[in-house]
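Novice: I am sharing run.json, which consists of JSON, C-alpha atoms:
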[["chain", "number", "residue", "atom", "x", "y", "z"],
["Q", 339, "ALA", "CA", 5.29, -11.88, 14.77],
["Q", 340, "ILE", "CA", 2.80, -11.22, 11.99],
["Q", 341, "ASP", "CA", 4.19, -9.46, 8.92],
["Q", 342, "MET", "CA", 1.49, -6.85, 8.32],
["Q", 343, "TRP", "CA", 3.02, -5.70, 5.01],
["Q", 344, "SER", "CA", 2.80, -9.22, 3.60],
["Q", 345, "LEU", "CA", -0.69, -9.67, 4.99],
["Q", 346, "GLY", "CA", -1.81, -6.49, 3.23],
["Q", 347, "CYS", "CA", -0.33, -7.72, -0.06],
["Q", 348, "ILE", "CA", -2.02, -11.10, 0.36],
["Q", 349, "LEU", "CA", -5.40, -9.50, 1.13],
["Q", 350, "VAL", "CA", -5.20, -7.41, -2.05],
["Q", 351, "GLU", "CA", -4.27, -10.47, -4.11],
["Q", 352, "MET", "CA", -7.07, -12.55, -2.58],
["Q", 353, "HIS", "CA", -9.55, -9.77, -3.31],
["Q", 354, "SER", "CA", -8.42, -8.77, -6.80],
["Q", 355, "GLY", "CA", -6.92, -12.02, -8.06],
["Q", 356, "GLN", "CA", -3.74, -10.15, -8.99],
["Q", 357, "PRO", "CA", -0.50, -9.56, -7.08],
["Q", 358, "LEU", "CA", -0.23, -5.95, -5.96],
["Q", 359, "PHE", "CA", 3.51, -5.65, -6.63],
["Q", 360, "ASN", "CA", 4.41, -8.28, -9.22],
["Q", 361, "GLY", "CA", 7.97, -7.29, -10.07],
["Q", 362, "LYS", "CA", 10.30, -9.72, -11.83],
["Q", 363, "ASN", "CA", 13.31, -8.59, -9.78],
["Q", 364, "GLU", "CA", 14.06, -6.35, -6.79],
["Q", 365, "ALA", "CA", 14.39, -3.16, -8.81],
["Q", 366, "GLU", "CA", 11.10, -3.74, -10.64],
["Q", 367, "GLN", "CA", 9.38, -4.68, -7.39],
["Q", 368, "VAL", "CA", 10.51, -1.46, -5.69],
["Q", 369, "ARG", "CA", 9.42, 0.55, -8.72],
["Q", 370, "LYS", "CA", 5.96, -1.05, -8.64],
["Q", 371, "ILE", "CA", 5.64, -0.37, -4.91],
["Q", 372, "CYS", "CA", 6.50, 3.29, -5.47],
["Q", 373, "GLU", "CA", 4.05, 3.52, -8.38],
["Q", 374, "VAL", "CA", 1.25, 2.59, -5.98],
["Q", 375, "LEU", "CA", 2.37, 3.96, -2.60],
["Q", 376, "GLY", "CA", 4.73, 6.75, -3.54],
["Q", 377, "MET", "CA", 8.31, 7.10, -2.39],
["Q", 378, "PRO", "CA", 9.54, 5.68, 0.91],
["Q", 379, "PRO", "CA", 10.31, 8.22, 3.62],
["Q", 380, "ASP", "CA", 13.63, 9.99, 3.07],
["Q", 381, "HIS", "CA", 14.95, 8.80, 6.43],
["Q", 382, "MET", "CA", 14.56, 5.16, 5.38],
["Q", 383, "ILE", "CA", 16.45, 5.68, 2.12],
["Q", 384, "ALA", "CA", 19.15, 7.72, 3.85],
["Q", 385, "ARG", "CA", 19.58, 5.04, 6.56],
["Q", 386, "ALA", "CA", 20.48, 2.35, 4.04],
["Q", 387, "GLY", "CA", 24.11, 1.31, 4.25],
["Q", 388, "PRO", "CA", 26.60, 2.37, 1.59],
["Q", 389, "LYS", "CA", 26.60, -1.09, -0.01],
["Q", 390, "SER", "CA", 22.81, -1.44, 0.10],
["Q", 391, "LYS", "CA", 20.92, -2.02, -3.13],
["Q", 392, "VAL", "CA", 18.75, 0.91, -2.03],
["Q", 393, "LYS", "CA", 21.58, 3.23, -3.02],
["Q", 394, "THR", "CA", 21.42, 1.93, -6.59],
["Q", 395, "LEU", "CA", 17.64, 2.27, -6.85],
["Q", 396, "PHE", "CA", 17.11, 5.78, -5.51],
["Q", 397, "ARG", "CA", 18.86, 9.04, -6.23],
["Q", 398, "LYS", "CA", 18.20, 12.67, -5.42],
["Q", 399, "ASP", "CA", 16.93, 14.91, -8.20],
["Q", 400, "ALA", "CA", 17.87, 18.58, -8.71],
["Q", 401, "SER", "CA", 15.44, 19.67, -5.99],
["Q", 402, "GLY", "CA", 16.95, 17.24, -3.45],
["Q", 403, "GLU", "CA", 13.98, 14.84, -3.50],
["Q", 404, "TYR", "CA", 14.55, 11.11, -3.85],
["Q", 405, "VAL", "CA", 13.38, 9.55, -7.11],
["Q", 406, "ILE", "CA", 13.66, 6.18, -8.79],
["Q", 407, "ALA", "CA", 15.50, 6.50, -12.05],
["Q", 408, "THR", "CA", 15.42, 3.71, -14.60],
["Q", 409, "ASP", "CA", 16.68, 3.67, -18.15],
["Q", 410, "THR", "CA", 13.31, 4.80, -19.42],
["Q", 411, "GLU", "CA", 11.63, 6.83, -16.65],
["Q", 412, "THR", "CA", 11.92, 8.70, -13.38],
["Q", 413, "ILE", "CA", 9.36, 8.11, -10.65],
["Q", 414, "SER", "CA", 8.93, 10.57, -7.82],
["Q", 415, "GLY", "CA", 5.48, 9.63, -6.57],
["Q", 416, "PRO", "CA", 2.47, 7.40, -7.11],
["Q", 417, "THR", "CA", 1.38, 6.86, -10.71],
["Q", 418, "ARG", "CA", -1.28, 4.20, -10.07],
["Q", 419, "ASP", "CA", -4.51, 4.76, -8.16],
["Q", 420, "PHE", "CA", -4.56, 2.52, -5.08],
["Q", 421, "ARG", "CA", -8.29, 2.99, -4.67],
["Q", 422, "ALA", "CA", -8.96, 1.86, -8.24],
["Q", 423, "ILE", "CA", -6.81, -1.23, -7.69],
["Q", 424, "ILE", "CA", -8.75, -2.14, -4.55],
["Q", 425, "ARG", "CA", -12.15, -1.43, -6.02],
["Q", 426, "ASN", "CA", -11.37, -3.70, -8.98],
["Q", 427, "PRO", "CA", -12.08, -1.39, -11.93],
["Q", 428, "GLY", "CA", -12.39, -4.37, -14.29],
["Q", 429, "VAL", "CA", -15.76, -5.11, -12.72],
["Q", 430, "ASN", "CA", -18.50, -2.58, -13.35],
["Q", 431, "LEU", "CA", -20.47, -2.70, -10.11],
["Q", 432, "LEU", "CA", -22.91, -0.27, -8.64],
["Q", 433, "LEU", "CA", -22.24, -0.32, -4.92],
["Q", 434, "THR", "CA", -24.79, 0.18, -2.22],
["Q", 435, "PRO", "CA", -23.87, 2.79, 0.39],
["Q", 436, "GLU", "CA", -22.99, -0.04, 2.81],
["Q", 437, "GLN", "CA", -20.73, -1.73, 0.23],
["Q", 438, "ASP", "CA", -19.04, 1.59, -0.52],
["Q", 439, "LYS", "CA", -18.46, 2.10, 3.21],
["Q", 440, "MET", "CA", -16.91, -1.38, 3.52],
["Q", 441, "TYR", "CA", -14.60, -0.73, 0.56],
["Q", 442, "THR", "CA", -13.53, 2.53, 2.18],
["Q", 443, "LEU", "CA", -12.76, 0.71, 5.44],
["Q", 444, "PHE", "CA", -10.94, -2.09, 3.56],
["Q", 445, "GLU", "CA", -8.83, 0.48, 1.74],
["Q", 446, "ASP", "CA", -8.04, 2.25, 5.02],
["Q", 447, "LEU", "CA", -6.92, -1.00, 6.66],
["Q", 448, "LEU", "CA", -4.75, -1.90, 3.66],
["Q", 449, "ARG", "CA", -3.15, 1.55, 3.58],
["Q", 450, "LYS", "CA", -2.25, 1.14, 7.26],
["Q", 451, "MET", "CA", -0.75, -2.30, 6.56],
["Q", 452, "LEU", "CA", 1.27, -0.98, 3.62],
["Q", 453, "VAL", "CA", 3.09, 1.83, 5.40],
["Q", 454, "PHE", "CA", 6.79, 1.78, 4.49],
["Q", 455, "ASP", "CA", 8.13, 2.41, 7.99],
["Q", 456, "PRO", "CA", 7.45, -0.63, 10.21],
["Q", 457, "GLU", "CA", 7.40, 1.66, 13.26],
["Q", 458, "GLU", "CA", 4.39, 3.49, 11.80],
["Q", 459, "ARG", "CA", 2.62, 0.44, 10.32],
["Q", 460, "ILE", "CA", -0.53, -0.91, 11.96],
["Q", 461, "THR", "CA", 0.13, -3.67, 14.49],
["Q", 462, "PRO", "CA", -1.76, -6.98, 14.54],
["Q", 463, "ALA", "CA", -3.59, -5.90, 17.72],
["Q", 464, "GLU", "CA", -4.62, -2.60, 16.12],
["Q", 465, "ALA", "CA", -5.73, -4.38, 12.94],
["Q", 466, "LEU", "CA", -7.98, -6.73, 14.91],
["Q", 467, "VAL", "CA", -10.01, -3.79, 16.21],
["Q", 468, "HIS", "CA", -10.01, -1.86, 12.93],
["Q", 469, "PRO", "CA", -13.61, -1.04, 11.87],
["Q", 470, "PHE", "CA", -13.28, -3.20, 8.75],
["Q", 471, "LEU", "CA", -12.68, -6.30, 10.86],
["Q", 472, "MET", "CA", -14.74, -5.27, 13.85],
["Q", 473, "PRO", "CA", -17.57, -3.01, 12.72],
["Q", 474, "PRO", "CA", -19.79, -1.44, 15.36],
["Q", 475, "PRO", "CA", -22.89, -3.47, 16.22],
["Q", 476, "PRO", "CA", -25.91, -2.63, 14.01],
["Q", 477, "GLU", "CA", -27.82, -1.14, 16.95],
["Q", 478, "ALA", "CA", -24.99, 1.39, 17.48],
["Q", 479, "GLY", "CA", -26.25, 3.38, 14.50],
["Q", 480, "LEU", "CA", -29.79, 3.55, 15.84],
["Q", 481, "ARG", "CA", -29.03, 5.67, 18.90]]
Mind turning the file's structure into structure tokens?

Specialist:
Amino acid sequence: AIDMWSLGCILVEMHSGQPLFNGKNEAEQVRKICEVLGMPPDHMIARAGPKSKVKTLFRKDASGEYVIATDTETISGPTRDFRAIIRNPGVNLLLTPEQDKMYTLFEDLLRKMLVFDPEERITPAEALVHPFLMPPPPEAGLR
């Protein structure tokens, strides 16, 4: 089976030249994922076994929402802009409308590959027919 999460990470790295989630250890890696994608679904955190490392990384805050708490910060949602990461803000490019459309489709495909829950993540078959990989023929827009 194709690991769509890993494929999404590899595509970002190939495009940007930088790893998307370059943590030095598991805790830092999870924190970096949450900085970009937000928190995993509650049901996934709750399903982790009592001895799982997940239990040491996430805790519920006063409102009952899961957060990541480190020695220096608490993360409860995305703090980095996924779109800016994909569009490579280090390069000052003026995009044509077609290029902008392709970036939008690329971002959409990546977001579908980087869904936390594998049951909701795009499948390889679905990815192959995604508009980024299989755009409509040019004559389709002329009708």

Novice: Between CA of Asp341 (chain Q) and CA of Leu466 (chain Q), what distance in Å does the model show, to one decimal?

Specialist: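 Result for CA of Asp341 (chain Q) versus CA of Leu466 (chain Q): 13.8 Å, one decimal.
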
Novice: CA of Met451 (chain Q) to CA of Ala463 (chain Q): how many Å, to one decimal?

Specialist: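 Going from CA of Met451 (chain Q) over to CA of Ala463 (chain Q), I get 12.1 Å.
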
Novice: Report as an MDAnalysis selection string all protein, DNA and RNA residues lying within 9 Å of Trp343 (chain Q), evaluated on all atoms listed in the file, omitting residues in the same chain fewer than 4 positions from it.

Specialist: chainID Q and resid 347:348 448 450:454 456 459

Novice: Work out how far apart CA of Pro357 (chain Q) and CA of Phe420 (chain Q) are and give it in Å to one decimal.

Specialist: 12.9 Å

Novice: Using all atoms listed in the file, which of Q:Asn363, Q:Phe396, Q:Phe444, Q:Glu457 sits nearest Pro469 (chain Q)?

Specialist: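 Under the stated criterion, the closest residue is Q:Phe444.
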
Novice: Centre and edge lengths of an axis-aligned box around all listed atoms of region 400-409 of chain Q, with 5 Å added on each side, are to be given in Å to one decimal, as JSON.

Specialist:
{"center_x": 15.6, "center_y": 11.7, "center_z": -10.8, "size_x": 14.5, "size_y": 26.0, "size_z": 24.7}

Novice: What's around Ser354 (chain Q) at 9 Å? Count all atoms listed in the file, leave out sequence neighbours fewer than 2 positions away in its own chain, and write the answer as a list in words.

Specialist: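 My reading of the contact set: Leu349, Val350, Glu351, Met352, Gln356, Pro357, Leu358, Ile423, Ile424, Arg425 and Asn426 of chain Q.
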
Novice: Please write the residues from the selection above to a file, keeping C-alpha atoms, as a PDB file, keeping the file's coordinate frame.

Specialist:
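To be explicit, this is the file written out as part_6.pdb:
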ATOM      1  CA  LEU Q 349      -5.400  -9.500   1.130  1.00  0.00           C
ATOM      2  CA  VAL Q 350      -5.200  -7.410  -2.050  1.00  0.00           C
ATOM      3  CA  GLU Q 351      -4.270 -10.470  -4.110  1.00  0.00           C
ATOM      4  CA  MET Q 352      -7.070 -12.550  -2.580  1.00  0.00           C
ATOM      5  CA  GLN Q 356      -3.740 -10.150  -8.990  1.00  0.00           C
ATOM      6  CA  PRO Q 357      -0.500  -9.560  -7.080  1.00  0.00           C
ATOM      7  CA  LEU Q 358      -0.230  -5.950  -5.960  1.00  0.00           C
ATOM      8  CA  ILE Q 423      -6.810  -1.230  -7.690  1.00  0.00           C
ATOM      9  CA  ILE Q 424      -8.750  -2.140  -4.550  1.00  0.00           C
ATOM     10  CA  ARG Q 425     -12.150  -1.430  -6.020  1.00  0.00           C
ATOM     11  CA  ASN Q 426     -11.370  -3.700  -8.980  1.00  0.00           C
TER      12      ASN Q 426
END

Novice: Counting only C-alpha atoms, what is within 8 Å of Glu445 (chain Q), bar same-chain residues fewer than 4 positions away, as a list in words?

Specialist: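 After dropping sequence-adjacent residues, the list is Arg421, Ile424, Tyr441 and Arg449 of chain Q.
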
Novice: With distances taken over all atoms listed in the file, which residue among Q:Gln437, Q:Thr461, Q:Thr394, Q:Ser414 lies nearest Pro378 (chain Q)?

Specialist: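 Distance minimum relative to Pro378 (chain Q) lands on Q:Ser414.
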
Novice: Nearest to Leu375 (chain Q) among Q:Ile413, Q:Leu471, Q:Ile340, Q:Ala465, with distances taken over all atoms listed in the file: which residue is it?

Specialist: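 Closest residue, counting all atoms listed in the file: Q:Ile413.
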